[in-house]
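To keep things clear, I will list the structure first and then write my remarks on it.
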Amino acid sequence: MNGLVKYSTDNGIAIVTIDNPPVNALSPGVPEGIVECIKRAEADSSILAIVLIGGGRTFIAGADIREFGKITSGEKTRDIGLAPALLEIENCSKAVVCAIHGTALGGGLETAMACHYRVAVPQAKVGQPEVKLGIIPGAAGTQRLPRLAGIPKALEMCTVGDPINAPDALACGIVDRIVEDGLLAGAIAFAREHTAPLKTRERNQKLTADAAVFAAARAEVRKKQRGLMAPLAAIDAIEASLSMGFEEACAKEAEIFKQCLFSDQSKALIHAFFGERAVNKIPGIAKNTPVREIAKAAIAGAGTMGGGIAMAYVNAGIPVILKETTQDALDRGMATIRKNYAASVERGRFTRQVADQRLAMITPTLSYDGFGDADIAVEAVFEGMDLKKKVFTELDHVTSPGAILASNTSTLDIDQIASVTSQPQRVIGTHFFSPANVMKLVEVVRGKATSPEVIATAMALARKLGKVGVLVGNCHGFVGNRMVAPYLREAQFLVEEGASPREVDAALYGFGMAMGPIAMHDLAGLDVGWRIRQELAREGKLHTDLRQPLVEDRLCVMGRYGQKTGAGWYRYEAGSRAPIPDPEVDEIIASSASTAGIARRAVGAEEIIERTTYALANEGARILEEGFALRAVDIDIIYIFGYGFPAHRGGPMWHASAAGLRKVYDRVCEFERLHGEHWRPAPLLRELAESGKTFEDWDRARGAE
Ligand code: 3HC
Ligand code: NAI
């Protein structure tokens, strides 16, 4: 009718097709178009019932998320206008059958629930993912879903936000029939069977529930979704269905929805949503750049990373050859993989049979046999330039000329590594994070010779592995680890100045980090940095004029490398990862500070958060101006997916912009005065602060987001 929604008929059944690619979002015009079609069908006496279906790859994926920014920025004053349209559907005197394929999410499921019946293909999924955007369902989802699926299911779906599949939706009453062959034909057939006028409306159904159900849901959210407002708000809205009639409860839902939409958390989460997609848009690499098929991978090194990477590949259906230098190392690597799969089976993540199939896709070997027909060879051997060069020289010979050669190095120069090969254009970094089978981030490191096709393939491969690939430049530590250095440095300085390790960790955990920096350091191992510092000192490259952390090297000298040695900044009971404060470490901290003449003082949580997160943003700004990250949002995505930065704070660059770059810049200048040159402000930070801009403005000026 209006171009976004189409109307046709099939022998007495009206077919209303939403046609708003790519995901049939409820952009302006879509709800109006649906209502127009429903009214037309209602007015046509030859029409017995109506089928509502999505064109293209999916049913409605929800409200148009881009509209939210326009509402919160004041560019648009009206709300998304979906709820009244849904009432029109529900009030239709003829049966409306919703036909679901792909995903019916958010406003999409709300639209489906306003219809009188729902049929779905077996692969379809339905869900209320709004909490992932920091909001709650805003078109009666918190009222219709409990009436259809029951309060416990509605609480789960609206607080966690994960979709459920069609068979589950059938079991809990959201879907009325699964249609195996031909969705439209199945929906039409269903509609012909259900043309009788509807006597009752779902919305008039009364609900009851025990108060304990809501208390348990709130407790669960506080534990598992630490710091998030929207899941608690969704519970409030669902609870309103008990004490209020449908209309009043919907008004309550609308009020809560609006509060959430205007919250800082929602803005940050929406930034993260679009950021996760923006990282795939790479200036200079056309969308239609050919992408090579990766049907087989070969990995050198079956240690911590090689083993995890092998699992990541086979989990995505790509068979792997896994090479080691000794039988012992190979056996150890395979045993770890087996143990990890057994743990997944025990946790019920998949069956023994699936685990066995995946294990069978990994071929362990001590030679390069089998590397010749691999589409990608991944190097995950010890970190050392000489060894990397040796392995790449070998890979250059044993692989086919079309194969990609990828290094998992965390610090080394990709160009130097590529220089020993005959085709540096096929060399790239794919920097996984530990544990590689779990962590979602992959930094895709472009060397100066890496070809666009190899970059596009590595990015597509990351997606195929279920990861988020972010393209970064070739600088020491790339983006994530380069920024983590000042972050950890400040955490340690704060400890020397008077905060306990536990206070530093508690402040950042409270901020929302998955783990505090000191505990994270214990997990990663203190010895790696210690060895690098020793190496730099030997080469005379250590900046001894700058303040250096004092405690860590002393801990390393004592053999306290972190969790792996049972002690680091904290101590650990055998078999436990729980950090226990250690008075011995407190003494080392106090004596180190006293020797260095550092006056110990009370350090508050606010200072801890500012010093650590602004250190991230300042280094991030430097990385941006040096061109090692494409956009500020890329850095945010790296931190959210690789370093446990809370998505509801949008990442370190967004967080700094939200705090106000003027304020951040002033604090950085003050820290420079107090703590020295480490804090020299990045010129880009100064420039943005002085011109009243944000990192997002900077991104926008470069055509991102
Ligand atoms: N609004 C606007 N744009 C959307 C969108 C939405 N709801 N959903 C997806 N898009 C865009 C993406 O940004 C992307 O754009 P791009 O090509 O320019 O980067 C494009 O559609 C394709 O999306 P994906 O790359 O994510 O495609 P996939 O096939 O991998 O995934 C999907 C499809 C599962 C639907 C996924 O896009 C998704 O989860 N979308 C968001 C769903 C959602 O959160 N819905 C709730 C919205 S809030 C709401 O409905 C409020 C209501 O209660 C009133
Ligand atoms: P690791 O020490 O656990 O494993 C390295 C493995 O490589 C060893 O098993 C060793 O026997 C094997 N190896 C050495 N030479 C080989 C060769 N010529 N052919 C095949 N195998 C060989 O090391 P880890 O931690 O897995 O690191 C591997 C790489 O990944 C390094 O470059 C490291 O910097 C990087 N990395 C490590 C992370 C971590 O958290 N451990 C995170 C991200 C990157």
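Each chain of the structure tokens is named A, B, ... in the order shown, its residues numbered from 1; ligands are numbered from 1 in display order.
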Could you report the residues within 8 Å of ligand 2, using only C-alpha atoms and all ligand atoms, as a PyMOL selection string?
chain A and resi 299-307+323-326+329-330+333+366+379-384+387+390-391+407-412+431-436+524
Return as CSV the residues of chain A lying at most 6 Å from ligand 1, together with the closest atom-to-atom pair for each and the distance in Å to one decimal, counting only C-alpha atoms and all ligand atoms, with rows in chain order and ascending residue number.
residue,atom,partner,partner_atom_place_in_ligand_line,distance
A:Pro22,CA,ligand 1,21 (O),5.5
A:Val23,CA,ligand 1,21 (O),5.6
A:Ala25,CA,ligand 1,7 (N),5.1
A:Ala61,CA,ligand 1,35 (C),4.6
A:Gly62,CA,ligand 1,50 (O),3.5
A:Ala63,CA,ligand 1,50 (O),3.7
A:Asp64,CA,ligand 1,1 (N),3.5
A:Ile65,CA,ligand 1,1 (N),3.9
A:Arg66,CA,ligand 1,2 (C),5.4
A:Leu105,CA,ligand 1,45 (N),5.0
A:Gly106,CA,ligand 1,50 (O),3.6
A:Gly107,CA,ligand 1,50 (O),3.7
A:Pro129,CA,ligand 1,44 (O),5.2
A:Glu130,CA,ligand 1,48 (S),5.0
A:Pro137,CA,ligand 1,53 (O),3.5
A:Gly138,CA,ligand 1,53 (O),4.1
A:Ala139,CA,ligand 1,54 (C),5.0
A:Phe274,CA,ligand 1,13 (O),5.7
A:Arg277,CA,ligand 1,19 (O),4.9
Same residues, all heavy atoms, output as a short mmCIF file (atom, residue, chain, number, x, y, z; two decimals), in the first residue's frame:
data_model
loop_
_atom_site.label_atom_id
_atom_site.label_comp_id
_atom_site.auth_asym_id
_atom_site.auth_seq_id
_atom_site.Cartn_x
_atom_site.Cartn_y
_atom_site.Cartn_z
N PRO A 22 16.65 -4.38 5.46
CA PRO A 22 16.95 -5.81 5.43
C PRO A 22 16.20 -6.64 6.47
O PRO A 22 16.10 -7.84 6.32
CB PRO A 22 18.45 -5.84 5.76
CG PRO A 22 18.70 -4.61 6.61
CD PRO A 22 17.72 -3.58 6.12
N VAL A 23 15.66 -5.99 7.54
CA VAL A 23 15.11 -6.82 8.62
C VAL A 23 13.66 -6.48 8.96
O VAL A 23 13.15 -6.84 10.00
CB VAL A 23 16.01 -6.75 9.89
CG1 VAL A 23 17.36 -7.38 9.65
CG2 VAL A 23 16.14 -5.33 10.41
N ALA A 25 12.33 -3.77 9.93
CA ALA A 25 12.15 -2.98 11.16
C ALA A 25 10.90 -2.11 11.01
O ALA A 25 10.48 -1.77 9.90
CB ALA A 25 13.37 -2.10 11.39
N ALA A 61 12.07 -7.42 12.81
CA ALA A 61 13.15 -7.53 13.83
C ALA A 61 12.98 -6.48 14.92
O ALA A 61 13.89 -6.31 15.73
CB ALA A 61 14.51 -7.40 13.17
N GLY A 62 11.87 -5.78 14.93
CA GLY A 62 11.64 -4.84 16.03
C GLY A 62 11.45 -3.42 15.56
O GLY A 62 11.42 -3.14 14.35
N ALA A 63 11.34 -2.54 16.54
CA ALA A 63 11.25 -1.12 16.23
C ALA A 63 12.53 -0.72 15.48
O ALA A 63 13.54 -1.41 15.58
CB ALA A 63 11.14 -0.33 17.52
N ASP A 64 12.46 0.38 14.75
CA ASP A 64 13.65 0.86 14.05
C ASP A 64 14.53 1.57 15.08
O ASP A 64 14.21 2.66 15.56
CB ASP A 64 13.23 1.82 12.93
CG ASP A 64 14.42 2.23 12.08
OD1 ASP A 64 15.56 2.18 12.59
OD2 ASP A 64 14.21 2.59 10.92
N ILE A 65 15.64 0.91 15.42
CA ILE A 65 16.47 1.40 16.53
C ILE A 65 17.05 2.77 16.22
O ILE A 65 17.30 3.57 17.13
CB ILE A 65 17.59 0.36 16.84
CG1 ILE A 65 16.95 -0.98 17.21
CG2 ILE A 65 18.49 0.82 17.98
CD1 ILE A 65 17.90 -2.15 17.23
N ARG A 66 17.23 3.07 14.95
CA ARG A 66 17.77 4.40 14.59
C ARG A 66 16.83 5.53 15.00
O ARG A 66 17.26 6.66 15.24
CB ARG A 66 18.05 4.48 13.09
CG ARG A 66 19.22 3.62 12.71
CD ARG A 66 19.74 3.85 11.32
NE ARG A 66 20.71 2.83 11.03
CZ ARG A 66 21.99 2.87 11.39
NH1 ARG A 66 22.46 3.90 12.03
NH2 ARG A 66 22.81 1.88 11.12
N LEU A 105 11.35 -10.12 16.73
CA LEU A 105 12.01 -9.61 17.93
C LEU A 105 11.41 -8.28 18.36
O LEU A 105 10.99 -7.47 17.51
CB LEU A 105 13.51 -9.41 17.66
CG LEU A 105 14.31 -10.66 17.29
CD1 LEU A 105 15.76 -10.30 16.98
CD2 LEU A 105 14.25 -11.68 18.42
N GLY A 106 11.41 -8.04 19.67
CA GLY A 106 10.97 -6.75 20.19
C GLY A 106 9.59 -6.40 19.67
O GLY A 106 8.62 -7.16 19.81
N GLY A 107 9.50 -5.24 19.00
CA GLY A 107 8.23 -4.82 18.42
C GLY A 107 7.70 -5.83 17.42
O GLY A 107 6.49 -5.86 17.13
N PRO A 129 14.22 -8.70 23.01
CA PRO A 129 15.63 -8.39 23.33
C PRO A 129 15.85 -6.95 23.79
O PRO A 129 16.99 -6.52 23.90
CB PRO A 129 16.33 -8.63 21.99
CG PRO A 129 15.30 -8.26 20.98
CD PRO A 129 13.96 -8.59 21.56
N GLU A 130 14.77 -6.20 24.06
CA GLU A 130 14.92 -4.77 24.34
C GLU A 130 15.93 -4.47 25.43
O GLU A 130 16.66 -3.47 25.37
CB GLU A 130 13.57 -4.15 24.72
CG GLU A 130 12.60 -3.99 23.55
CD GLU A 130 11.73 -5.21 23.29
OE1 GLU A 130 12.07 -6.31 23.79
OE2 GLU A 130 10.71 -5.08 22.58
N PRO A 137 10.23 -3.77 26.54
CA PRO A 137 9.23 -3.77 25.47
C PRO A 137 8.31 -2.56 25.66
O PRO A 137 7.90 -2.27 26.79
CB PRO A 137 8.47 -5.08 25.69
CG PRO A 137 9.46 -5.97 26.38
CD PRO A 137 10.26 -5.06 27.27
N GLY A 138 8.01 -1.86 24.58
CA GLY A 138 7.28 -0.60 24.72
C GLY A 138 5.97 -0.58 23.97
O GLY A 138 5.33 0.45 23.84
N ALA A 139 5.53 -1.74 23.47
CA ALA A 139 4.24 -1.78 22.76
C ALA A 139 3.44 -2.97 23.29
O ALA A 139 3.00 -3.85 22.55
CB ALA A 139 4.45 -1.87 21.26
N PHE A 274 25.09 -0.63 17.40
CA PHE A 274 25.49 -0.19 16.05
C PHE A 274 27.01 -0.32 15.88
O PHE A 274 27.48 -0.59 14.78
CB PHE A 274 25.01 1.24 15.79
CG PHE A 274 23.52 1.30 15.51
CD1 PHE A 274 22.66 2.01 16.32
CD2 PHE A 274 22.99 0.60 14.44
CE1 PHE A 274 21.30 2.04 16.07
CE2 PHE A 274 21.62 0.61 14.18
CZ PHE A 274 20.77 1.33 15.00
N ARG A 277 28.18 -3.58 14.55
CA ARG A 277 27.99 -3.70 13.10
C ARG A 277 28.89 -2.73 12.33
O ARG A 277 29.36 -3.05 11.24
CB ARG A 277 26.51 -3.45 12.79
CG ARG A 277 25.69 -4.67 13.22
CD ARG A 277 24.30 -4.39 13.66
NE ARG A 277 23.69 -5.64 14.12
CZ ARG A 277 23.75 -6.11 15.36
NH1 ARG A 277 24.39 -5.43 16.30
NH2 ARG A 277 23.20 -7.28 15.67
#
With only C-alpha atoms as the counted atoms, please give the residues lying no more than 12 Å from Asp527 of chain A, apart from itself and same-chain residues fewer than 5 positions off, as a list of chain:residue names.
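Close residues of Asp527 of chain A: A:His521, A:Asp522, A:Ile532, A:Arg533, A:Gln534, A:Glu552, A:Asp553, A:Arg554, A:Leu555, A:Cys556, A:Val557, A:Met558, A:Gly559, A:Arg560, A:Tyr561, A:Gly562, A:Gln563, A:Lys564, A:Thr565, A:Ala567, A:Gly568.
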Write to file, as a PDB file, in the first residue's frame, the residues of the selection just made, with N, CA, C and O atoms.
ATOM      1  N   HIS A 521      45.120  -9.014  36.092  1.00  0.00           N
ATOM      2  CA  HIS A 521      46.550  -9.141  35.884  1.00  0.00           C
ATOM      3  C   HIS A 521      47.049 -10.481  36.453  1.00  0.00           C
ATOM      4  O   HIS A 521      47.871 -11.162  35.843  1.00  0.00           O
ATOM      5  N   ASP A 522      46.543 -10.837  37.614  1.00  0.00           N
ATOM      6  CA  ASP A 522      46.897 -12.136  38.204  1.00  0.00           C
ATOM      7  C   ASP A 522      46.472 -13.276  37.295  1.00  0.00           C
ATOM      8  O   ASP A 522      47.153 -14.297  37.191  1.00  0.00           O
ATOM      9  N   ILE A 532      59.276  -8.818  29.549  1.00  0.00           N
ATOM     10  CA  ILE A 532      59.412  -7.766  28.523  1.00  0.00           C
ATOM     11  C   ILE A 532      60.237  -6.613  29.092  1.00  0.00           C
ATOM     12  O   ILE A 532      61.140  -6.089  28.444  1.00  0.00           O
ATOM     13  N   ARG A 533      59.966  -6.231  30.358  1.00  0.00           N
ATOM     14  CA  ARG A 533      60.721  -5.121  30.968  1.00  0.00           C
ATOM     15  C   ARG A 533      62.208  -5.481  31.102  1.00  0.00           C
ATOM     16  O   ARG A 533      63.073  -4.647  30.856  1.00  0.00           O
ATOM     17  N   GLN A 534      62.484  -6.727  31.462  1.00  0.00           N
ATOM     18  CA  GLN A 534      63.892  -7.144  31.577  1.00  0.00           C
ATOM     19  C   GLN A 534      64.593  -7.040  30.223  1.00  0.00           C
ATOM     20  O   GLN A 534      65.704  -6.554  30.115  1.00  0.00           O
ATOM     21  N   GLU A 552      55.242  -4.985  41.186  1.00  0.00           N
ATOM     22  CA  GLU A 552      55.077  -6.175  40.364  1.00  0.00           C
ATOM     23  C   GLU A 552      56.391  -6.950  40.171  1.00  0.00           C
ATOM     24  O   GLU A 552      56.410  -8.180  40.273  1.00  0.00           O
ATOM     25  N   ASP A 553      57.472  -6.231  39.895  1.00  0.00           N
ATOM     26  CA  ASP A 553      58.739  -6.934  39.674  1.00  0.00           C
ATOM     27  C   ASP A 553      59.167  -7.666  40.940  1.00  0.00           C
ATOM     28  O   ASP A 553      59.712  -8.781  40.877  1.00  0.00           O
ATOM     29  N   ARG A 554      58.881  -7.050  42.080  1.00  0.00           N
ATOM     30  CA  ARG A 554      59.243  -7.722  43.346  1.00  0.00           C
ATOM     31  C   ARG A 554      58.424  -8.998  43.520  1.00  0.00           C
ATOM     32  O   ARG A 554      58.931 -10.010  44.006  1.00  0.00           O
ATOM     33  N   LEU A 555      57.149  -8.934  43.139  1.00  0.00           N
ATOM     34  CA  LEU A 555      56.306 -10.141  43.233  1.00  0.00           C
ATOM     35  C   LEU A 555      56.865 -11.230  42.305  1.00  0.00           C
ATOM     36  O   LEU A 555      56.916 -12.407  42.677  1.00  0.00           O
ATOM     37  N   CYS A 556      57.305 -10.817  41.124  1.00  0.00           N
ATOM     38  CA  CYS A 556      57.819 -11.797  40.157  1.00  0.00           C
ATOM     39  C   CYS A 556      59.114 -12.433  40.672  1.00  0.00           C
ATOM     40  O   CYS A 556      59.303 -13.651  40.534  1.00  0.00           O
ATOM     41  N   VAL A 557      59.972 -11.614  41.264  1.00  0.00           N
ATOM     42  CA  VAL A 557      61.228 -12.146  41.802  1.00  0.00           C
ATOM     43  C   VAL A 557      60.921 -13.229  42.843  1.00  0.00           C
ATOM     44  O   VAL A 557      61.627 -14.233  42.961  1.00  0.00           O
ATOM     45  N   MET A 558      59.810 -13.037  43.559  1.00  0.00           N
ATOM     46  CA  MET A 558      59.417 -14.024  44.577  1.00  0.00           C
ATOM     47  C   MET A 558      58.721 -15.244  43.959  1.00  0.00           C
ATOM     48  O   MET A 558      58.264 -16.132  44.679  1.00  0.00           O
ATOM     49  N   GLY A 559      58.579 -15.244  42.636  1.00  0.00           N
ATOM     50  CA  GLY A 559      57.900 -16.374  41.978  1.00  0.00           C
ATOM     51  C   GLY A 559      56.388 -16.234  42.019  1.00  0.00           C
ATOM     52  O   GLY A 559      55.659 -17.184  41.707  1.00  0.00           O
ATOM     53  N   ARG A 560      55.902 -15.062  42.399  1.00  0.00           N
ATOM     54  CA  ARG A 560      54.447 -14.849  42.450  1.00  0.00           C
ATOM     55  C   ARG A 560      54.003 -14.327  41.085  1.00  0.00           C
ATOM     56  O   ARG A 560      53.926 -13.138  40.853  1.00  0.00           O
ATOM     57  N   TYR A 561      53.692 -15.243  40.166  1.00  0.00           N
ATOM     58  CA  TYR A 561      53.338 -14.856  38.797  1.00  0.00           C
ATOM     59  C   TYR A 561      51.832 -14.671  38.606  1.00  0.00           C
ATOM     60  O   TYR A 561      51.385 -14.381  37.509  1.00  0.00           O
ATOM     61  N   GLY A 562      51.062 -14.887  39.670  1.00  0.00           N
ATOM     62  CA  GLY A 562      49.607 -14.785  39.521  1.00  0.00           C
ATOM     63  C   GLY A 562      48.943 -16.111  39.803  1.00  0.00           C
ATOM     64  O   GLY A 562      49.520 -16.971  40.480  1.00  0.00           O
ATOM     65  N   GLN A 563      47.729 -16.269  39.247  1.00  0.00           N
ATOM     66  CA  GLN A 563      46.946 -17.492  39.530  1.00  0.00           C
ATOM     67  C   GLN A 563      47.722 -18.771  39.254  1.00  0.00           C
ATOM     68  O   GLN A 563      47.608 -19.748  39.985  1.00  0.00           O
ATOM     69  N   LYS A 564      48.513 -18.756  38.164  1.00  0.00           N
ATOM     70  CA  LYS A 564      49.156 -20.013  37.760  1.00  0.00           C
ATOM     71  C   LYS A 564      50.177 -20.503  38.779  1.00  0.00           C
ATOM     72  O   LYS A 564      50.505 -21.690  38.790  1.00  0.00           O
ATOM     73  N   THR A 565      50.690 -19.605  39.643  1.00  0.00           N
ATOM     74  CA  THR A 565      51.630 -20.065  40.679  1.00  0.00           C
ATOM     75  C   THR A 565      50.965 -20.029  42.067  1.00  0.00           C
ATOM     76  O   THR A 565      51.640 -20.135  43.085  1.00  0.00           O
ATOM     77  N   ALA A 567      49.841 -17.594  43.597  1.00  0.00           N
ATOM     78  CA  ALA A 567      50.016 -16.308  44.273  1.00  0.00           C
ATOM     79  C   ALA A 567      50.523 -15.267  43.285  1.00  0.00           C
ATOM     80  O   ALA A 567      51.323 -15.566  42.393  1.00  0.00           O
ATOM     81  N   GLY A 568      50.023 -14.085  43.455  1.00  0.00           N
ATOM     82  CA  GLY A 568      50.482 -12.929  42.672  1.00  0.00           C
ATOM     83  C   GLY A 568      50.189 -11.719  43.532  1.00  0.00           C
ATOM     84  O   GLY A 568      50.687 -11.625  44.657  1.00  0.00           O
TER      85      GLY A 568
END
Test item: residues at most 9 Å from segment 31-46 of chain A, only C-alpha atoms, excluding those fewer than 2 positions along its chain, as number ranges by chain:
A: 1-7, 11-18, 26-29, 48-50, 52, 81-82, 85-86, 88-89, 92-94, 96
Would you mind listing what lies within 6 Å of segment 142-151 of chain A as a list in words, with only C-alpha atoms counted and same-chain residues fewer than 2 positions away left out?
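Those residues are Ala140, Lys153, Ala154, Leu155, Cys172, Gly173, Ile174 and Ile238 of chain A.
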Between atom CA of Arg571 of chain A and atom CA of Ala343 of chain A, what is the distance in Å, rounded to a tenth?
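Distance reported for this atom pair: 25.6 Å.
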From A:Ala219, A:Gln225, A:Met244, A:Ala593, residue lying nearest Asn204 of chain A [only C-alpha atoms]:
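The answer is A:Met244, which sits nearest to Asn204 of chain A.
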